[in-house]
Each structure stands twice: as structure tokens, then as C-alpha cells.
Amino acid sequence: MTPAIAIRGLTKDFALTLRGVKLRAVDNLTLDVPAGQVFGLLGPNGSGKSTTIKIILGLLEPTAGECTVFGLPSRRVGSRLNVGYLPEAPYFYRYLSGLELVRFYGRICGVSGRRLRERAQEVIEWVGLGSAAHRRVGTYSKGMLQRIGLAQALVHDPRLIILDEPTAGVDPVGSAEISELILKLKKQGKTVLITSHLLAQIEDICDRVAILDRGKLILEGAVNDLVGLQNRQSLIVDSLPPAELQALRDWLAARGHALDAVEQPRTRLDQLFLSKVSRRQRGGESA
Amino acid sequence: MRAAHHAVPFSLARLGIVAGNTFLEAVRQKLFGFLLLLAVALVASAQLFREFNFGSSELKFIADFGLGAMVFFGSTLTIAATAQLFFSEIENRTALTLLAKPVWRTEFIFGKFLGVFTVVGVFCALTTGLLVGLLYQRETALMAASPEAFAQGCLIHYGDLVLIGVLQWLKFGVLAAATLLIASFSNTNLYTVVMGFFVLVICHLQYLARDAYAQVASLPLRLLVQVLGYVFPNFQLFNVADQIGVGAALDPLVFVRVAAYALIYIGVFCGLAVYSFSRREI
């Protein structure tokens, strides 16, 4: 099966001075993003994530190597027909309403007529901005901008969606809702490439991750393989009295096993937060 | 809805969508409205100065004053709007989102140009229409007051005035294309605006340099001036308004030649802007 994105020996240098001093932003990167999966591209600031995304989108020419999107070279305009992109810190035409904006990008992607009207309305409702569809984008809050950005990325029903820091600056409720949207996209068979500094979120929603550092790929694989501890299992039981706990230790020891840790299971802070904070009517958010 | 073919040919429809959005942005900017109001006010105020005697006929004065206002504010609007509408896309990173769609950079540049050209066209149409109205009203009043002065008929050729408005629009088109070319490789809005005004001045005055250096003995210098004469369009060619108000008509052949001259420069400048922008890293 053709991967959604195939990157081979990709290198990108930026000229820093006229005398030829260069900065290597991406260094001989080879990577496949399988179709139908949620793929996390991780790394500290300056690790080459955004540069890689720009090359995938044909916005930058690689210095060396190649990149294809569903088998088409990324420098070809046609490769972007099946790609939706939400940029980091999105900023859209402030003078358009949310609906006008989504329709504008839909028309650019070749969607027209009744289908455009229906699809624009559909994706706006889908991202929860139905009640703010006719408001100017200039009045939108940060979270609403991310949502309208997601709507414009989806309006032409692309097979690959690239989300660059979709939760940057978004509160935990908004962040959780974006995670839910991503999982819905995966259920629809879409491929999602996401970069984020929220590693817990990445761990929850991604099938595979790649970690970049100084432009180089340092780790890549399935999330479960990477973060699961080998040869270890955890059992969650009711509270055991000390005597029964000791009996359990003895029982395990008799069979050659050891009870390594006994600890109180914890809920995650984001889950606690989300369980306590009511989800607002997102479309009615103020700027 | 999903595209069956991967080839995305150049599309006039997409170009039109980019142009339409550029026009909408310009119209919703305060600068456009401000300059339009100023130009309209100035054109209209030409009537207020008619009591002064500058040695020209009153109608000619109104025509010259009105066209002068159109040229001044039109040039300012063209340079400022082109730079602003281009850099708002770059600085606000909306170009990133737009060019991540199946959009050719050629469509983006020509769309930007067409949007600005439409804005300037609206400006020219409004100011020309106002000027025609003012001149017609005044000429009618003067004809009623002293019919003997108009024994030969109307002094103003209103059709020619419209053609002159069209030529000014084309000149602004050349200026917009030149500004877009500068913007395509420039890093800042300010640099583009300053360079745009430099180009405007050079284009208006280059005929002086051509005349002065035509007599120079040094062949390289003469060639250099000649080359620069081709690089920078001669805006004096668009000044065909001298006969307005004195009863003379505009030669249609002159109009066609100047219009063709402008369209060639627009095509070349926009083509160079596309080439430059296609190498730009967004």
C-alpha cells in the first residue's frame, strides 16, 4: 500500500549569510507515514518539524532527497489536492466571516455550487462553530481560530490532514475536543500527521510517532512499542490489607516473579480537569 | 468531490478567486476609502478654484486639476495597496495556508495583480466619472451664459476623457505590476513602498535622461541609458490630456499604441514577479 507520505534522504539547508554559511534544518531524513494512521512528528523547537511539513506541502524545495504524497512528488501542485493543512498559530483573513472563509478555501480546492454550501456548513458544524459561522474571523478567540482552521483544512474532504501544533495556546477543554476530532478523522479512514508539544495528547491519539532532534530522526515506531515497558505488567486490584499483600508477594516469589511496585493508581490531571470543567458552547465563545 | 486526476492545470477560476479576495480585502481596508474620498474631494474642489485666472480656460483648468488629483492619489493608492495586499498575505502567513492548497504561484501573483488592478479600476472609474460630470455641468452652464464662445461646439471631448481615464488605469496597472515585482523579492512592506515610489519617479522622469544622454559621445553610457529606458516604462507617454479642454481630439491610434505599451509592460513585470516569487521560501 502506498504510504500517505514517503520521505527519502531529505535534507534542507538554509543560507544564513551571503558568504555561504548554512543552517541544516533537516538532515537526511527518511520516513514513511502509513495511510489511515495518526502519526505524531515530535521534537523540540528548531528540530525541523515545521520545515519538514513545509517540504511535504511543497512550500519549500528540499536541498537533497525527495518527498512524495500518495506517490506524487510534493513539489507538484497536484500532490496538494488530497491534503488539508492547519498551520501553526493560524491567522486567517480577518475581514471574512467563518463561513466565507471556509467557502473561499473550498472554492480554491475546486469544490463548488451546492456541494460547497453543504460541505462548508457541514464542517463548520462538525468543528462546533455553527453559531459563530457568520461572525468575522477577526473576532474569534484562539480556540475558535484553531477550529475554523480545521474546518478549512477539511472542506475539500482530503485524505491527508496535516496539523501543525493544533493545540498551541488552546485550553485543556479545547485541546481535548481537538483530540476527539482527530480520532473521528481516523475513524473515517483519514491519515493525520500532527506535531505537538503536548506529549500526553500525542500518546493518546497517535498510532506511530517519530522524534526529530536537530533535523535528524532519532526514534520512530508504534507508540505502544515505544512507550510500553517490555516484560512488565501492571495489575490493578482493590485495596489489599498488608497481610494479603504479603501473601501475594510470597505467591509470586514462589513462582519466580517479583512484585516490583505497589502504588496508588492516579487519574491524569487533564482527565480530572475535563471531568470537573463543563464544556462550553464553543461556537459562542467570545474573542 | 475528490479529484480523480492528480494533474492540476493553471486555472483562471482559481486566479479569479484570489483576485476577488484581494479586491474584497482592499475594499474593506480604510486606506482605499480614505484615498478615494480624498481624490473625489479634490476632483470636486476643482470647481471651487475656477475664479482664479491661471492663464488657461476654466474648463481646461478643471480637467487638468481633476486628472492631476487622479494621477497623484491613484499612484499612491496603487503602490500602497499593492505592497499592503501582498505583504498582508506574507506577514500574516495566510499565503502559507493558501499556497498549501492546489494553487500555482502564478495564479497567486496574477490574482494579486488582478485584485489590485480592479481596485485601481474602480478608483479611476469613479474619479473619471466625477470629472466628466463636473465638466459637463460647467460646460453646459458656460454655453448657456456665453454661446458665442462655443460656436464650434463642445470644447470637451467626453469620450476622450474616458479614454484618458482608461490610459491612467493602465498606467497604474504598470505601476502595480512593477511594485508586485519588487514585493516578490523584498522582505518588508516599507522597502516595497519606498522602491515603488522610486520607480514611479524614474518612470516619470526617464525621458529627460534619455534626451540628455542621447547626445553623449560615450557609447557604453548611451547604451546603458537606452537599456534603462526599456527597463523602466516611460510614463510621459500616458500624458495625452493636454488637448482636453481646448477642443482637440485624441488620436485613437495613440490610444491603442499606449494601451499596448502598458499591457506589454504589465505582462513582463508580472511574469518576472512570478519567476521571482516561485523561488521564494514562504
# chains A, B, ... in the order shown; residues from 1 in each chain; ligands from 1
>>> interface_residues(of="chain B", to="chain A", cutoff="8 Å", atoms="only C-alpha atoms", output="list of chain:residue names")
B:Met1, B:Arg2, B:Ala3, B:His6, B:Ala7, B:Val8, B:Arg14, B:Ile17, B:Glu25, B:Arg28, B:Asn92, B:Arg93, B:Thr94, B:Leu96, B:Thr97, B:Leu98, B:Leu99, B:Ala100, B:Lys101, B:Pro102, B:Val103, B:Trp104, B:Glu281, B:Ile282
>>> residues_around(residues="Leu198 in chain A", least_positions_apart="3", cutoff="12 Å", atoms="only C-alpha atoms", output="PDB file with C-alpha atoms, in the first residue's frame")
ATOM      1  CA  GLY A  40       2.965  12.251  15.533  1.00  0.00           C
ATOM      2  CA  LEU A  41       6.017  14.231  14.494  1.00  0.00           C
ATOM      3  CA  LEU A  42       7.766  15.252  17.671  1.00  0.00           C
ATOM      4  CA  GLY A  43      10.811  17.206  18.608  1.00  0.00           C
ATOM      5  CA  PRO A  44      11.981  20.294  20.461  1.00  0.00           C
ATOM      6  CA  GLU A 165       0.626  22.410  16.665  1.00  0.00           C
ATOM      7  CA  PRO A 166      -3.193  22.316  16.581  1.00  0.00           C
ATOM      8  CA  THR A 167      -3.473  22.739  20.336  1.00  0.00           C
ATOM      9  CA  ALA A 168      -0.898  25.502  20.843  1.00  0.00           C
ATOM     10  CA  GLY A 169      -2.449  28.127  23.087  1.00  0.00           C
ATOM     11  CA  VAL A 170      -5.730  26.235  23.371  1.00  0.00           C
ATOM     12  CA  ASP A 171      -7.209  25.486  26.810  1.00  0.00           C
ATOM     13  CA  PRO A 172      -7.493  21.854  28.012  1.00  0.00           C
ATOM     14  CA  SER A 175      -7.421  20.615  23.319  1.00  0.00           C
ATOM     15  CA  ALA A 176      -9.460  17.553  24.300  1.00  0.00           C
ATOM     16  CA  SER A 179      -8.169  15.263  20.058  1.00  0.00           C
ATOM     17  CA  ILE A 194       0.331  16.029  13.772  1.00  0.00           C
ATOM     18  CA  THR A 195       3.042  17.943  15.578  1.00  0.00           C
ATOM     19  CA  GLN A 201      -2.071  14.071  23.873  1.00  0.00           C
ATOM     20  CA  ILE A 202       0.206  12.588  21.224  1.00  0.00           C
ATOM     21  CA  GLU A 203       0.488   9.386  23.203  1.00  0.00           C
ATOM     22  CA  ASP A 204      -3.294   9.154  23.463  1.00  0.00           C
ATOM     23  CA  ILE A 205      -4.172   9.695  19.829  1.00  0.00           C
ATOM     24  CA  CYS A 206      -1.192   8.621  17.711  1.00  0.00           C
ATOM     25  CA  ASP A 270      -6.144  16.561  32.272  1.00  0.00           C
TER      26      ASP A 270
END
>>> select_by_dssp(residues="range 35-122 of chain A", states="helix (DSSP H, G or I)", output="count of residues only")
33
>>> atom_distance(atom1="CA of Ala149 in chain B", atom2="CA of Lys60 in chain B")
14.2 Å
>>> closest_residue(among="B:Val231, B:Ala273, B:Ala80, B:Leu48", to="Ser184 in chain B", atoms="only C-alpha atoms")
B:Ala273
>>> residues_around(residues="range 185-189 of chain A", least_positions_apart="5", cutoff="8 Å", atoms="only C-alpha atoms", output="number ranges by chain")
A: 36-38, 159
>>> closest_residue(among="A:Val137, A:Gln233, A:Arg75, A:Leu274", to="Ala261 in chain A", atoms="only C-alpha atoms")
A:Gln233
>>> atom_distance(atom1="CA of Gly16 in chain B", atom2="CA of Glu125 in chain A")
28.0 Å
>>> residues_around(residues="Leu226 in chain A", least_positions_apart="4", cutoff="12 Å", atoms="only C-alpha atoms", output="JSON, numbers by chain")
{"A": [203, 206, 207, 208, 209, 210, 211, 219, 220, 221, 222, 230]}
>>> write_last_selection(atoms="N, CA and C atoms", output="PDB file, in the first residue's frame")
ATOM      1  N   GLU A 203       0.487  10.790  22.781  1.00  0.00           N
ATOM      2  CA  GLU A 203       0.488   9.386  23.203  1.00  0.00           C
ATOM      3  C   GLU A 203      -0.920   8.803  23.121  1.00  0.00           C
ATOM      4  N   CYS A 206      -2.023   9.033  18.859  1.00  0.00           N
ATOM      5  CA  CYS A 206      -1.192   8.621  17.711  1.00  0.00           C
ATOM      6  C   CYS A 206      -0.979   7.116  17.663  1.00  0.00           C
ATOM      7  N   ASP A 207      -0.947   6.600  16.441  1.00  0.00           N
ATOM      8  CA  ASP A 207      -0.582   5.199  16.245  1.00  0.00           C
ATOM      9  C   ASP A 207       0.939   5.065  16.219  1.00  0.00           C
ATOM     10  N   ARG A 208       1.571   6.015  15.534  1.00  0.00           N
ATOM     11  CA  ARG A 208       3.034   5.986  15.415  1.00  0.00           C
ATOM     12  C   ARG A 208       3.578   7.377  15.692  1.00  0.00           C
ATOM     13  N   VAL A 209       4.823   7.430  16.111  1.00  0.00           N
ATOM     14  CA  VAL A 209       5.473   8.731  16.292  1.00  0.00           C
ATOM     15  C   VAL A 209       6.895   8.660  15.733  1.00  0.00           C
ATOM     16  N   ALA A 210       7.388   9.832  15.372  1.00  0.00           N
ATOM     17  CA  ALA A 210       8.799   9.972  15.014  1.00  0.00           C
ATOM     18  C   ALA A 210       9.332  11.149  15.815  1.00  0.00           C
ATOM     19  N   ILE A 211      10.520  11.013  16.324  1.00  0.00           N
ATOM     20  CA  ILE A 211      11.125  12.106  17.102  1.00  0.00           C
ATOM     21  C   ILE A 211      12.327  12.648  16.337  1.00  0.00           C
ATOM     22  N   LEU A 219      14.211   8.586  16.576  1.00  0.00           N
ATOM     23  CA  LEU A 219      13.382   7.464  17.018  1.00  0.00           C
ATOM     24  C   LEU A 219      12.104   7.441  16.201  1.00  0.00           C
ATOM     25  N   GLU A 220      11.650   6.251  15.822  1.00  0.00           N
ATOM     26  CA  GLU A 220      10.393   6.161  15.067  1.00  0.00           C
ATOM     27  C   GLU A 220       9.783   4.792  15.310  1.00  0.00           C
ATOM     28  N   GLY A 221       8.475   4.765  15.519  1.00  0.00           N
ATOM     29  CA  GLY A 221       7.835   3.471  15.703  1.00  0.00           C
ATOM     30  C   GLY A 221       6.423   3.605  16.227  1.00  0.00           C
ATOM     31  N   ALA A 222       5.783   2.456  16.469  1.00  0.00           N
ATOM     32  CA  ALA A 222       4.425   2.456  17.028  1.00  0.00           C
ATOM     33  C   ALA A 222       4.488   2.920  18.472  1.00  0.00           C
ATOM     34  N   GLN A 230       8.869  -3.376  28.285  1.00  0.00           N
ATOM     35  CA  GLN A 230       8.928  -4.787  27.930  1.00  0.00           C
ATOM     36  C   GLN A 230       9.030  -5.645  29.197  1.00  0.00           C
TER      37      GLN A 230
END
>>> residues_around(residues="Arg210 in chain B", least_positions_apart="3", cutoff="12 Å", atoms="only C-alpha atoms", output="NGL selection string")
:B and (202-207 or 213-216 or 221-230 or 232-234)
>>> write_last_selection(atoms="N, CA and C atoms", output="PDB file, in the first residue's frame")
ATOM      1  N   ILE B 202      11.200  57.563 -11.404  1.00  0.00           N
ATOM      2  CA  ILE B 202      12.075  57.241 -12.550  1.00  0.00           C
ATOM      3  C   ILE B 202      11.246  57.136 -13.836  1.00  0.00           C
ATOM      4  N   CYS B 203      10.107  56.480 -13.724  1.00  0.00           N
ATOM      5  CA  CYS B 203       9.271  56.288 -14.924  1.00  0.00           C
ATOM      6  C   CYS B 203       8.729  57.615 -15.444  1.00  0.00           C
ATOM      7  N   HIS B 204       8.508  58.550 -14.539  1.00  0.00           N
ATOM      8  CA  HIS B 204       8.003  59.854 -14.979  1.00  0.00           C
ATOM      9  C   HIS B 204       9.115  60.723 -15.564  1.00  0.00           C
ATOM     10  N   LEU B 205      10.342  60.513 -15.070  1.00  0.00           N
ATOM     11  CA  LEU B 205      11.429  61.413 -15.485  1.00  0.00           C
ATOM     12  C   LEU B 205      12.418  60.786 -16.453  1.00  0.00           C
ATOM     13  N   GLN B 206      12.257  59.520 -16.765  1.00  0.00           N
ATOM     14  CA  GLN B 206      13.286  58.839 -17.567  1.00  0.00           C
ATOM     15  C   GLN B 206      13.459  59.449 -18.953  1.00  0.00           C
ATOM     16  N   TYR B 207      12.399  60.073 -19.464  1.00  0.00           N
ATOM     17  CA  TYR B 207      12.518  60.672 -20.803  1.00  0.00           C
ATOM     18  C   TYR B 207      13.538  61.817 -20.794  1.00  0.00           C
ATOM     19  N   TYR B 213      21.079  62.159 -22.483  1.00  0.00           N
ATOM     20  CA  TYR B 213      22.198  61.265 -22.794  1.00  0.00           C
ATOM     21  C   TYR B 213      22.218  60.813 -24.264  1.00  0.00           C
ATOM     22  N   ALA B 214      21.192  61.197 -25.006  1.00  0.00           N
ATOM     23  CA  ALA B 214      21.179  60.831 -26.429  1.00  0.00           C
ATOM     24  C   ALA B 214      22.338  61.494 -27.163  1.00  0.00           C
ATOM     25  N   GLN B 215      22.765  62.635 -26.608  1.00  0.00           N
ATOM     26  CA  GLN B 215      23.847  63.392 -27.267  1.00  0.00           C
ATOM     27  C   GLN B 215      25.229  63.003 -26.736  1.00  0.00           C
ATOM     28  N   VAL B 216      25.261  62.162 -25.684  1.00  0.00           N
ATOM     29  CA  VAL B 216      26.552  61.825 -25.073  1.00  0.00           C
ATOM     30  C   VAL B 216      27.384  60.972 -26.033  1.00  0.00           C
ATOM     31  N   LEU B 221      27.740  54.470 -22.087  1.00  0.00           N
ATOM     32  CA  LEU B 221      26.799  55.261 -21.288  1.00  0.00           C
ATOM     33  C   LEU B 221      25.480  55.438 -22.040  1.00  0.00           C
ATOM     34  N   ARG B 222      25.626  55.661 -23.335  1.00  0.00           N
ATOM     35  CA  ARG B 222      24.429  55.841 -24.158  1.00  0.00           C
ATOM     36  C   ARG B 222      23.597  54.542 -24.176  1.00  0.00           C
ATOM     37  N   LEU B 223      24.321  53.430 -24.303  1.00  0.00           N
ATOM     38  CA  LEU B 223      23.645  52.126 -24.308  1.00  0.00           C
ATOM     39  C   LEU B 223      22.958  51.855 -22.972  1.00  0.00           C
ATOM     40  N   LEU B 224      23.682  52.213 -21.904  1.00  0.00           N
ATOM     41  CA  LEU B 224      23.131  51.997 -20.561  1.00  0.00           C
ATOM     42  C   LEU B 224      21.820  52.761 -20.390  1.00  0.00           C
ATOM     43  N   VAL B 225      21.843  54.017 -20.806  1.00  0.00           N
ATOM     44  CA  VAL B 225      20.634  54.833 -20.670  1.00  0.00           C
ATOM     45  C   VAL B 225      19.513  54.261 -21.537  1.00  0.00           C
ATOM     46  N   GLN B 226      19.897  53.761 -22.708  1.00  0.00           N
ATOM     47  CA  GLN B 226      18.885  53.166 -23.587  1.00  0.00           C
ATOM     48  C   GLN B 226      18.259  51.917 -22.953  1.00  0.00           C
ATOM     49  N   VAL B 227      19.144  51.092 -22.381  1.00  0.00           N
ATOM     50  CA  VAL B 227      18.649  49.865 -21.724  1.00  0.00           C
ATOM     51  C   VAL B 227      17.719  50.229 -20.565  1.00  0.00           C
ATOM     52  N   LEU B 228      18.167  51.200 -19.761  1.00  0.00           N
ATOM     53  CA  LEU B 228      17.321  51.621 -18.634  1.00  0.00           C
ATOM     54  C   LEU B 228      15.989  52.188 -19.137  1.00  0.00           C
ATOM     55  N   GLY B 229      16.055  52.808 -20.296  1.00  0.00           N
ATOM     56  CA  GLY B 229      14.837  53.338 -20.907  1.00  0.00           C
ATOM     57  C   GLY B 229      13.847  52.253 -21.260  1.00  0.00           C
ATOM     58  N   TYR B 230      14.384  51.061 -21.559  1.00  0.00           N
ATOM     59  CA  TYR B 230      13.481  49.937 -21.838  1.00  0.00           C
ATOM     60  C   TYR B 230      13.027  49.253 -20.546  1.00  0.00           C
ATOM     61  N   PHE B 232      12.616  50.642 -17.541  1.00  0.00           N
ATOM     62  CA  PHE B 232      11.595  51.467 -16.884  1.00  0.00           C
ATOM     63  C   PHE B 232      10.662  52.047 -17.942  1.00  0.00           C
ATOM     64  N   PRO B 233       9.380  51.788 -17.824  1.00  0.00           N
ATOM     65  CA  PRO B 233       8.444  52.347 -18.822  1.00  0.00           C
ATOM     66  C   PRO B 233       8.388  53.872 -18.741  1.00  0.00           C
ATOM     67  N   ASN B 234       8.117  54.478 -19.862  1.00  0.00           N
ATOM     68  CA  ASN B 234       8.052  55.931 -19.933  1.00  0.00           C
ATOM     69  C   ASN B 234       6.622  56.387 -19.664  1.00  0.00           C
TER      70      ASN B 234
END
